[in-house]
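Visitor: So here's structure-v1.txt (compact mmCIF, C-alpha atoms).
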```txt
# COMPACT_ATOMS: atom_id res chain seq x y z
CA ILE A 62 12.36 33.05 -13.65
CA PHE A 63 10.02 33.19 -16.63
CA ASP A 64 10.84 29.63 -17.67
CA LYS A 65 10.09 28.42 -14.16
CA HIS A 66 6.64 30.01 -13.90
CA ALA A 67 5.49 29.64 -17.52
CA ARG A 68 6.56 26.04 -18.09
CA SER A 69 2.99 24.72 -18.32
CA THR A 70 2.19 26.96 -21.30
CA THR A 71 5.59 26.75 -23.00
CA ILE A 72 6.40 24.30 -25.78
CA ILE A 73 10.14 23.66 -25.86
CA ASP A 74 10.34 21.70 -29.11
CA GLY A 75 8.56 19.07 -31.16
CA VAL A 76 9.30 16.30 -28.67
CA ASP A 77 7.75 18.29 -25.85
CA LEU A 78 4.60 18.74 -27.94
CA ILE A 79 4.48 15.01 -28.72
CA HIS A 80 4.70 14.21 -24.99
CA ARG A 81 1.72 16.47 -24.32
CA LEU A 82 -0.28 15.02 -27.19
CA GLU A 83 0.38 11.46 -26.03
CA ALA A 84 -0.72 12.33 -22.48
CA TYR A 85 -3.81 14.04 -23.93
CA THR A 86 -4.59 10.87 -25.89
CA THR A 87 -3.94 8.55 -22.94
CA ASN A 88 -6.37 10.56 -20.80
CA GLY A 89 -9.10 10.01 -23.39
CA TYR A 90 -9.43 13.62 -24.56
CA LEU A 91 -8.51 12.95 -28.20
CA LYS A 92 -11.66 12.12 -30.12
CA PRO A 93 -12.45 11.76 -33.84
CA LYS A 94 -13.95 15.28 -33.75
CA THR A 95 -10.91 16.89 -32.06
CA TYR A 96 -9.38 19.81 -33.93
CA PHE A 97 -5.73 20.82 -33.85
CA CYS A 98 -5.30 24.57 -34.04
CA THR A 99 -2.21 26.65 -34.67
CA PHE A 100 -1.68 30.35 -35.07
CA ASP A 101 1.24 32.71 -35.10
CA ILE A 102 1.56 36.33 -34.05
CA THR A 103 2.35 38.69 -36.90
CA ASP A 104 5.58 40.64 -36.30
CA LEU A 105 5.56 40.05 -32.54
CA TYR A 106 8.95 41.59 -31.77
CA THR A 107 8.35 44.77 -33.73
CA MET A 108 4.81 45.38 -32.46
CA LEU A 109 5.25 45.38 -28.69
CA PRO A 110 4.72 48.79 -27.02
CA GLN A 111 7.69 49.66 -24.81
CA GLU A 112 6.04 51.21 -21.75
CA GLU A 113 3.20 48.70 -21.64
CA SER A 114 5.64 45.80 -21.99
CA LEU A 115 7.60 47.04 -18.98
CA ASP A 116 4.39 47.46 -16.97
CA ILE A 117 3.56 43.82 -17.73
CA LEU A 118 7.10 42.83 -16.71
CA ILE A 119 6.50 44.35 -13.26
CA GLU A 120 3.03 42.79 -13.11
CA PHE A 121 4.58 39.39 -13.86
CA LEU A 122 7.15 39.74 -11.07
CA LEU A 123 4.54 40.89 -8.55
CA GLN A 124 2.19 38.09 -9.60
CA TYR A 125 4.77 35.54 -8.46
CA GLY A 126 5.81 37.41 -5.33
CA TYR A 127 9.06 39.03 -6.45
CA GLN A 128 9.83 42.39 -4.84
CA LYS A 129 13.54 42.06 -5.56
CA ILE A 130 15.70 39.98 -7.89
CA GLN A 131 19.11 39.23 -6.38
CA ASN A 132 18.46 42.11 -3.98
CA ILE A 133 17.73 44.55 -6.82
CA PRO A 134 14.29 46.20 -6.35
CA ILE A 135 11.89 45.69 -9.23
CA ASP A 136 11.47 49.44 -9.77
CA ILE A 137 15.22 49.60 -10.46
CA ILE A 138 14.85 46.62 -12.78
CA ARG A 139 12.18 48.52 -14.70
CA LYS A 140 14.43 51.56 -15.06
CA LEU A 141 17.32 49.41 -16.26
CA ALA A 142 15.02 47.60 -18.69
CA LEU A 143 13.81 50.92 -20.04
CA ILE A 144 17.40 51.90 -20.82
CA VAL A 145 17.98 48.60 -22.61
CA ILE A 146 14.99 48.92 -24.93
CA LYS A 147 14.99 52.69 -25.49
CA GLU A 148 18.66 53.31 -26.09
CA ASN A 149 19.02 51.12 -29.16
CA VAL A 150 20.43 53.07 -32.09
CA PHE A 151 21.58 52.03 -35.54
CA VAL A 152 22.88 53.59 -38.73
CA TYR A 153 21.13 53.29 -42.07
CA GLU A 154 22.26 55.16 -45.18
CA LYS A 155 24.49 57.44 -43.11
CA LYS A 156 21.69 58.44 -40.75
CA PHE A 157 21.28 57.57 -37.07
CA TYR A 158 17.99 56.06 -35.91
CA ARG A 159 16.69 55.24 -32.45
CA GLN A 160 14.31 52.35 -31.94
CA VAL A 161 10.99 53.50 -30.46
CA ILE A 162 9.05 50.21 -30.47
CA VAL A 163 10.26 47.37 -28.21
CA GLY A 164 13.90 46.30 -28.38
CA ALA A 165 16.48 45.13 -30.85
CA MET A 166 15.87 41.95 -32.83
CA GLY A 167 18.14 39.16 -31.62
CA SER A 168 18.44 40.59 -28.13
CA ALA A 169 17.97 38.04 -25.35
CA PHE A 170 16.09 40.64 -23.31
CA THR A 171 13.71 41.38 -26.19
CA LEU A 172 12.83 37.67 -26.34
CA THR A 173 12.15 37.57 -22.59
CA LEU A 174 10.07 40.75 -22.73
CA ALA A 175 8.03 39.39 -25.65
CA ASN A 176 7.42 36.16 -23.73
CA ILE A 177 6.23 38.06 -20.67
CA PHE A 178 3.98 40.27 -22.80
CA MET A 179 2.42 37.13 -24.32
CA TRP A 180 2.07 35.66 -20.82
CA LYS A 181 -0.53 38.33 -20.08
CA TRP A 182 -2.09 38.35 -23.54
CA GLN A 183 -2.80 34.62 -23.49
CA ARG A 184 -4.19 34.30 -19.95
CA GLN A 185 -7.86 34.52 -20.91
CA LEU A 186 -7.42 32.03 -23.74
CA VAL A 187 -5.44 29.64 -21.52
CA ARG A 188 -8.10 29.66 -18.79
CA ARG A 189 -10.82 28.92 -21.31
CA LEU A 190 -8.95 25.93 -22.75
CA GLU A 191 -7.81 24.55 -19.38
CA ILE A 192 -11.42 24.30 -18.21
CA SER A 193 -12.03 21.88 -21.09
CA ASN A 194 -8.80 19.90 -20.43
CA GLU A 195 -7.35 21.02 -23.74
CA ILE A 196 -3.69 21.53 -24.61
CA TYR A 197 -2.33 25.04 -24.96
CA GLY A 198 1.32 25.71 -25.66
CA ARG A 199 3.38 28.53 -27.09
CA TYR A 200 6.78 28.59 -28.74
CA VAL A 201 7.65 32.32 -28.81
CA ASP A 202 5.13 33.60 -31.40
CA ASP A 203 3.75 30.21 -32.53
CA ILE A 204 0.79 28.80 -30.59
CA PHE A 205 -0.77 25.35 -30.63
CA PHE A 206 -3.94 24.17 -28.93
CA THR A 207 -6.53 21.43 -29.16
CA SER A 208 -10.29 21.78 -29.11
CA ASN A 209 -13.34 19.54 -29.15
CA ASP A 210 -15.64 22.46 -29.92
CA SER A 211 -17.19 23.13 -33.30
CA LEU A 212 -15.23 24.90 -35.99
CA GLU A 213 -17.51 27.93 -35.63
CA SER A 214 -16.85 28.14 -31.88
CA ILE A 215 -13.08 27.94 -32.42
CA ASP A 216 -13.18 30.68 -35.04
CA GLN A 217 -15.24 32.87 -32.73
CA MET A 218 -12.80 32.31 -29.86
CA LEU A 219 -9.84 33.26 -32.08
CA ASP A 220 -11.69 36.30 -33.42
CA GLU A 221 -12.10 37.46 -29.83
CA ALA A 222 -8.42 36.76 -29.13
CA ASN A 223 -7.53 38.80 -32.19
CA ASN A 224 -9.07 41.81 -30.46
CA TYR A 225 -7.31 41.41 -27.09
CA HIS A 226 -4.67 43.94 -28.10
CA PRO A 227 -4.50 46.26 -31.13
CA ASN A 228 -0.86 45.33 -31.85
CA ILE A 229 -1.35 41.55 -31.73
CA LYS A 230 -2.81 39.94 -34.85
CA LEU A 231 -3.18 36.23 -35.52
CA VAL A 232 -2.74 34.04 -38.58
CA ARG A 233 -4.57 30.77 -37.91
CA GLN A 234 -4.76 27.22 -39.22
CA ILE A 235 -7.39 24.78 -37.97
CA GLY A 236 -7.83 21.16 -38.96
CA ARG A 237 -7.36 17.55 -38.01
CA ASN A 238 -3.99 17.48 -39.75
CA VAL A 239 -1.71 20.44 -39.04
CA PRO A 240 2.02 21.20 -38.91
CA PHE A 241 3.56 22.84 -35.88
CA LEU A 242 7.27 23.65 -35.69
CA ASP A 243 8.85 20.61 -37.39
CA VAL A 244 6.10 18.12 -36.45
CA PHE A 245 3.18 17.07 -38.63
CA ILE A 246 0.25 16.10 -36.38
CA GLN A 247 -2.70 14.00 -37.51
CA ASN A 248 -5.98 13.02 -35.89
CA SER A 249 -6.77 9.85 -37.79
CA ASN A 250 -10.32 9.15 -36.59
CA GLY A 251 -9.30 9.53 -32.96
CA VAL A 252 -5.82 8.01 -33.35
CA LEU A 253 -2.81 10.28 -32.90
CA LYS A 254 -0.16 10.14 -35.63
CA THR A 255 2.95 12.28 -35.88
CA SER A 256 5.80 12.56 -38.35
CA VAL A 257 8.56 14.94 -39.38
CA TYR A 258 7.28 18.04 -41.15
CA HIS A 259 9.27 19.56 -44.00
CA LYS A 260 8.28 22.99 -45.25
CA GLU A 261 7.71 23.22 -48.99
CA ALA A 262 10.36 25.92 -49.28
CA ALA A 263 12.95 23.92 -47.32
CA GLU A 264 16.19 23.28 -49.20
CA PRO A 265 17.99 19.91 -48.87
CA TYR A 266 21.16 21.39 -47.45
CA VAL A 267 23.19 20.43 -44.38
CA VAL A 268 26.86 20.85 -43.49
CA PRO A 269 28.67 19.52 -46.61
CA PHE A 270 30.71 16.43 -45.91
CA GLY A 271 33.73 17.88 -47.67
CA SER A 272 33.74 21.08 -45.61
CA ASP A 273 36.48 21.95 -43.14
CA HIS A 274 34.84 20.77 -39.92
CA PRO A 275 35.88 18.28 -37.23
CA GLY A 276 34.57 14.75 -37.68
CA HIS A 277 32.14 15.00 -34.78
CA VAL A 278 30.20 17.73 -36.61
CA PHE A 279 29.28 15.33 -39.43
CA ARG A 280 28.45 12.54 -36.99
CA ASN A 281 26.25 14.80 -34.88
CA THR A 282 24.47 16.17 -37.95
CA VAL A 283 23.44 12.67 -39.03
CA ASP A 284 22.69 11.48 -35.48
CA THR A 285 20.40 14.44 -34.80
CA THR A 286 18.42 13.81 -37.97
CA ILE A 287 18.04 10.09 -37.22
CA THR A 288 17.01 10.75 -33.62
CA ARG A 289 14.38 13.25 -34.72
CA ALA A 290 13.01 10.74 -37.23
CA VAL A 291 12.66 8.09 -34.51
CA ARG A 292 11.03 10.43 -32.00
CA TYR A 293 8.59 12.06 -34.40
CA SER A 294 7.48 8.98 -36.35
CA THR A 295 4.53 7.13 -34.86
CA THR A 296 5.01 3.99 -36.97
CA LEU A 297 7.89 2.05 -38.47
CA SER A 298 6.69 2.81 -42.01
CA GLU A 299 6.75 6.56 -41.33
CA PHE A 300 10.25 6.22 -39.89
CA GLU A 301 11.47 4.29 -42.92
CA GLU A 302 10.04 6.92 -45.27
CA GLU A 303 11.78 9.68 -43.33
CA ILE A 304 15.08 7.75 -43.41
CA ARG A 305 14.79 7.41 -47.20
CA GLN A 306 14.39 11.17 -47.53
CA MET A 307 17.20 11.72 -45.05
CA LYS A 308 19.60 9.51 -47.01
CA LEU A 309 18.86 11.37 -50.23
CA MET A 310 19.58 14.68 -48.52
CA PHE A 311 22.88 13.51 -47.05
CA LEU A 312 24.00 11.85 -50.27
CA TYR A 313 23.25 15.11 -52.07
CA ASN A 314 25.57 16.88 -49.61
CA GLY A 315 28.42 14.46 -50.20
CA TYR A 316 27.99 12.07 -47.27
CA PRO A 317 29.12 8.52 -48.12
CA SER A 318 26.40 5.91 -47.85
CA ARG A 319 28.57 3.88 -45.48
CA HIS A 320 28.81 6.87 -43.12
CA ILE A 321 25.00 7.13 -42.91
CA ASP A 322 24.63 3.37 -42.40
CA TRP A 323 27.32 3.47 -39.71
CA ARG A 324 25.41 6.09 -37.73
CA LEU A 325 22.18 4.10 -38.05
CA THR A 326 23.75 0.87 -36.81
CA THR A 327 25.51 2.76 -34.00
CA LEU A 328 22.18 4.08 -32.72
CA PHE A 329 20.41 0.74 -33.09
CA SER A 330 23.18 -1.19 -31.34
CA LYS A 331 23.19 1.30 -28.46
CA TYR A 332 19.53 0.77 -27.58
CA LEU A 333 18.57 -2.58 -29.10
CA SER A 334 21.52 -4.95 -29.31
CA LYS A 335 25.26 -4.47 -29.36
CA TYR A 336 25.39 -7.06 -32.16
CA PHE A 337 23.15 -4.98 -34.41
CA ILE A 338 24.92 -4.87 -37.79
CA LEU A 339 22.22 -3.87 -40.29
CA PRO A 340 21.21 -0.21 -40.86
CA MET A 341 17.52 -1.09 -40.68
CA LEU A 342 14.94 -2.25 -38.16
CA LYS A 343 13.39 -5.69 -38.41
CA ASN A 344 9.95 -5.09 -36.94
CA SER A 345 7.63 -2.60 -35.27
CA ASP A 346 8.43 -3.91 -31.79
CA ASP A 347 12.08 -2.90 -32.16
CA PHE A 348 11.06 0.50 -33.46
CA ASN A 349 8.53 1.11 -30.69
CA TYR A 350 11.09 0.19 -28.03
CA LEU A 351 13.72 2.44 -29.61
CA ARG A 352 11.24 5.32 -29.86
CA HIS A 353 10.22 4.91 -26.23
CA GLN A 354 13.86 5.01 -25.13
CA LEU A 355 14.63 8.16 -27.12
CA LEU A 356 11.46 9.95 -26.04
CA THR A 357 12.27 9.39 -22.37
CA THR A 358 15.62 11.15 -22.89
CA SER A 359 14.10 14.13 -24.66
CA THR A 360 15.15 17.76 -24.54
CA ALA A 361 12.17 18.57 -22.32
CA THR A 362 13.73 16.57 -19.48
CA THR A 363 17.03 18.37 -19.96
CA TYR A 364 15.24 21.73 -20.12
CA ASP A 365 13.48 21.13 -16.80
CA LYS A 366 16.77 20.16 -15.14
CA VAL A 367 18.49 23.28 -16.46
CA THR A 368 15.60 25.47 -15.29
CA ARG A 369 15.78 24.03 -11.78
CA THR A 370 19.55 24.44 -11.72
CA SER A 371 19.30 28.05 -12.90
CA ALA A 372 16.74 28.84 -10.21
CA THR A 373 19.02 27.32 -7.58
CA ASN A 374 22.01 29.29 -8.82
CA LEU A 375 20.18 32.56 -8.18
CA THR A 376 20.84 32.08 -4.48
CA ASN A 377 24.20 30.31 -4.60
CA ASP A 378 27.65 31.85 -4.68
CA ASN A 379 29.32 31.72 -8.08
CA ASN A 380 32.61 32.55 -9.68
CA VAL A 381 32.73 34.97 -12.60
CA GLN A 382 35.86 34.81 -14.69
CA ASN A 383 36.93 37.72 -16.84
CA GLN A 384 39.83 37.37 -19.25
CA HIS A 385 41.69 40.13 -21.03
CA GLU A 386 44.95 40.70 -22.86
CA GLN A 387 48.14 40.72 -20.81
CA ARG A 388 48.84 44.35 -21.69
CA LEU A 389 45.77 45.30 -19.62
CA THR A 390 46.98 43.53 -16.47
CA HIS A 391 47.41 46.82 -14.61
CA ASN A 392 43.64 47.39 -14.89
CA GLN A 393 42.76 44.43 -12.67
CA ARG A 394 42.40 46.58 -9.54
CA HIS A 395 40.20 49.09 -11.39
CA ILE A 396 37.95 46.28 -12.63
CA HIS A 397 37.48 45.01 -9.06
CA GLU A 398 36.73 48.53 -7.81
CA LEU A 399 34.18 49.08 -10.58
CA TRP A 400 32.57 45.73 -9.76
CA MET A 401 32.17 46.61 -6.08
CA ARG A 402 30.86 50.13 -6.77
CA THR A 403 28.33 48.89 -9.30
CA PHE A 404 26.91 46.05 -7.22
CA HIS A 405 27.38 47.47 -3.72
CA GLY A 406 24.58 46.39 -1.40
CA THR A 407 23.33 43.58 -3.66
CA ASP A 408 23.74 39.81 -3.56
CA VAL A 409 26.00 40.05 -6.58
CA THR A 410 28.85 41.05 -4.27
CA ASN A 411 28.77 37.46 -2.96
CA THR A 412 30.00 36.39 -6.37
CA THR A 413 33.75 36.03 -6.68
CA LEU A 414 35.21 37.97 -9.59
CA ILE A 415 38.37 36.43 -11.02
CA VAL A 416 40.32 38.61 -13.43
CA GLY A 417 43.01 36.90 -15.48
CA THR A 418 45.03 37.45 -18.62
CA SER A 419 44.70 35.63 -21.90
CA LEU A 420 47.10 35.71 -24.82
CA ASN A 421 45.67 36.39 -28.26
CA ARG A 422 46.39 33.85 -30.98
CA ASN A 423 49.25 34.95 -33.19
CA LEU A 424 49.04 35.25 -36.96
CA LYS A 425 50.60 31.83 -37.51
CA GLN A 426 47.98 30.19 -35.32
CA GLU A 427 45.15 32.07 -37.04
CA LEU A 428 46.26 31.10 -40.54
CA MET A 429 47.36 27.55 -39.80
CA ALA A 430 45.20 25.12 -41.73
CA ARG A 431 43.33 22.62 -39.63
CA LEU A 432 43.79 18.98 -40.49
CA ILE A 433 40.66 17.15 -41.55
CA LYS A 434 40.39 14.10 -39.37
CA PRO A 435 39.48 10.83 -41.10
CA ILE A 436 36.13 9.28 -40.29
```
Let me see whether you can do it: turn the structure in this file into structure tokens.
Guide:
Amino acid sequence: IFDKHARSTTIIDGVDLIHRLEAYTTNGYLKPKTYFCTFDITDLYTMLPQEESLDILIEFLLQYGYQKIQNIPIDIIRKLALIVIKENVFVYEKKFYRQVIVGAMGSAFTLTLANIFMWKWQRQLVRRLEISNEIYGRYVDDIFFTSNDSLESIDQMLDEANNYHPNIKLVRQIGRNVPFLDVFIQNSNGVLKTSVYHKEAAEPYVVPFGSDHPGHVFRNTVDTTITRAVRYSTTLSEFEEEIRQMKLMFLYNGYPSRHIDWRLTTLFSKYLSKYFILPMLKNSDDFNYLRHQLLTTSTATTYDKVTRTSATNLTNDNNVQNQHEQRLTHNQRHIHELWMRTFHGTDVTNTTLIVGTSLNRNLKQELMARLIKPI
């Protein structure tokens, strides 16, 4: 639900940001004076107040007309959410502790609650930027926006945003060349340039080629890196520089040079020519065509499809399969009874619960060495 209603202010990944920047440029909003601004929220997960976050959750649902979710009233949802975030306990140095601020790190619900909290926090800032046709996008606790105002005006706006809530504090970076996620963005006198961004502290490590993994893992690791280089690089020269760095990293991790070249030629032959035999591009036209093809099949398109499918599935009947060990077969009836008692009177009862048995792997299977498949 959140993904559906907050899509316009959500950045999915670097490719999604590049799409927005290119549209911004095409519409004539990128000028030589345009600033790129990024800021992140300090300790977002650990600074959200529990009760206020749940109030904002209900406000979000009411804002978009939800009185019930799958026939569960939103006041019940709030009570259930309160249990989730308040009943987190852990042990440290032989003492029990209960979490009193937000929820557990790594919890899917904590992420959703943080996103909804930020949905309210950012509304004033979003409205101000939308009036000026600027970009605003957030990736969890990292925010990016554009501005054609003066540096003083931007600083003043962020100072005001820093006071929206006592628990939310910003660390900002403003300039015409800024990194965001894994993209380096440049405003070169009104011309947009992007490339892959590597943090200074980043180590040149990937899955070692000699490790015990199936062959497709090594292929996918190289393919993903090449695809990112194509999508993020504005020019052929930037792509070639990124490929040089990529090759050094993979060689350092034991990948044969022929394996890297094979993955390059495989990608080029797929989109350019099936007779492509060299692991390099001849000219900028080939690169621009390849980049266009890969950008049109970006993760943002997949994300939107998944979001629409998920929204549709909220109202469709589904099958839920539950597997357990064969020795627990006699509990099948009890599981069905518990299911019906728990979800009685809700749309969840339209979901078919299938309870089946599954045999655990024996010791021989667990210890059997996997064969390393040749490339």
Visitor: Using all atoms listed in the file, find each residue of stretch 110-178 of chain A with at least one atom at most 12 Å away from an atom of stretch 218-227 of chain A; report its shortest atom-to-atom pair and that distance in Å (one decimal), sort the rows by chain and rising residue number, and return the result as a Markdown table.
Guide:
```
| residue | atom | partner | partner_atom | distance |
| --- | --- | --- | --- | --- |
| A:Pro110 | CA | A:Pro227 | CA | 10.4 |
| A:Glu113 | CA | A:His226 | CA | 11.2 |
| A:Phe178 | CA | A:His226 | CA | 10.8 |
```
Visitor: Hey, can you check how far atom CA of A:Ser193 sits from atom CA of A:Glu83?
Guide: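 Separating atom CA of A:Ser193 from atom CA of A:Glu83 is a distance of 16.9 Å.
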Visitor: For each of A:Glu261, A:Ile146, A:Tyr266, A:Arg81, take the minimum atom-to-atom distance to A:Asn314, counting all atoms listed in the file, then give the residue where this is smallest.
Guide: A:Tyr266
Visitor: When you count all atoms listed in the file, which of these residues is closest to A:Ala165: A:Tyr106, A:Tyr90, A:Trp182, A:Tyr197?
Guide: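 Under the stated criterion, the closest residue is A:Tyr106.
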Visitor: Can you tell me which residues surround A:Tyr96 at a distance of at most 8 Å, considering only C-alpha atoms, apart from same-chain residues fewer than 5 positions away, and format the answer as a PyMOL selection string?
Guide: chain A and resi 207-210+235-237+248
Visitor: Go through stretch 243-271 of chain A residue by residue and, counting all atoms listed in the file, keep those with an atom at most 8 Å from stretch 283-305 of chain A; for each kept residue give the shortest atom pair and its distance in Å to one decimal, ordered by chain and increasing number, as CSV.
Guide:
```
residue,atom,partner,partner_atom,distance
A:Val244,CA,A:Tyr293,CA,6.9
A:Lys254,CA,A:Thr295,CA,5.6
A:Thr255,CA,A:Thr295,CA,5.5
A:Ser256,CA,A:Ser294,CA,4.4
A:Val257,CA,A:Tyr293,CA,5.8
```
Visitor: Mind checking which residues fall within 10 Å of A:Asp202, counting only C-alpha atoms, ignoring those fewer than 3 positions away in the same chain, and posting them as a ChimeraX atom specification?
Guide: /A:100-106,175-176,179,199,231
Visitor: Give me the residues near A:Thr326 as a list of chain:residue names, where near means some atom within 9 Å (using all atoms listed in the file) and where sequence neighbours in that chain fewer than 4 positions away do not count.
Guide: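 Within the cut-off, the hits are A:Ile321, A:Asp322, A:Ser330, A:Lys331, A:Phe337, A:Ile338, A:Leu339, A:Pro340, A:Met341.
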Visitor: Go ahead and save the residues from that selection, with C-alpha atoms, as a PDB file, keeping the file's coordinate frame.
Guide:
```
ATOM      1  CA  ILE A 321      25.000   7.130 -42.910  1.00  0.00           C
ATOM      2  CA  ASP A 322      24.630   3.370 -42.400  1.00  0.00           C
ATOM      3  CA  SER A 330      23.180  -1.190 -31.340  1.00  0.00           C
ATOM      4  CA  LYS A 331      23.190   1.300 -28.460  1.00  0.00           C
ATOM      5  CA  PHE A 337      23.150  -4.980 -34.410  1.00  0.00           C
ATOM      6  CA  ILE A 338      24.920  -4.870 -37.790  1.00  0.00           C
ATOM      7  CA  LEU A 339      22.220  -3.870 -40.290  1.00  0.00           C
ATOM      8  CA  PRO A 340      21.210  -0.210 -40.860  1.00  0.00           C
ATOM      9  CA  MET A 341      17.520  -1.090 -40.680  1.00  0.00           C
TER      10      MET A 341
END
```
Visitor: Could you jot down the atom CA of A:Asp136 to atom CA of A:Gln183 separation for me, Å, one decimal place?
Guide: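 Calculated distance between atom CA of A:Asp136 and atom CA of A:Gln183 is 24.7 Å.
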Visitor: Please, what distance in Å, to one decimal, runs between atom CA of A:Lys230 and atom CA of A:Thr171?
Guide: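 Distance between the two atoms: 18.7 Å.
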Visitor: Between A:Asn411, A:Asn392, A:Ser318, A:Thr70, which residue has the minimum interatomic distance to A:Arg184, considering only C-alpha atoms?
Guide: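 Looking only at the distances to A:Arg184, the closest residue turns out to be A:Thr70.
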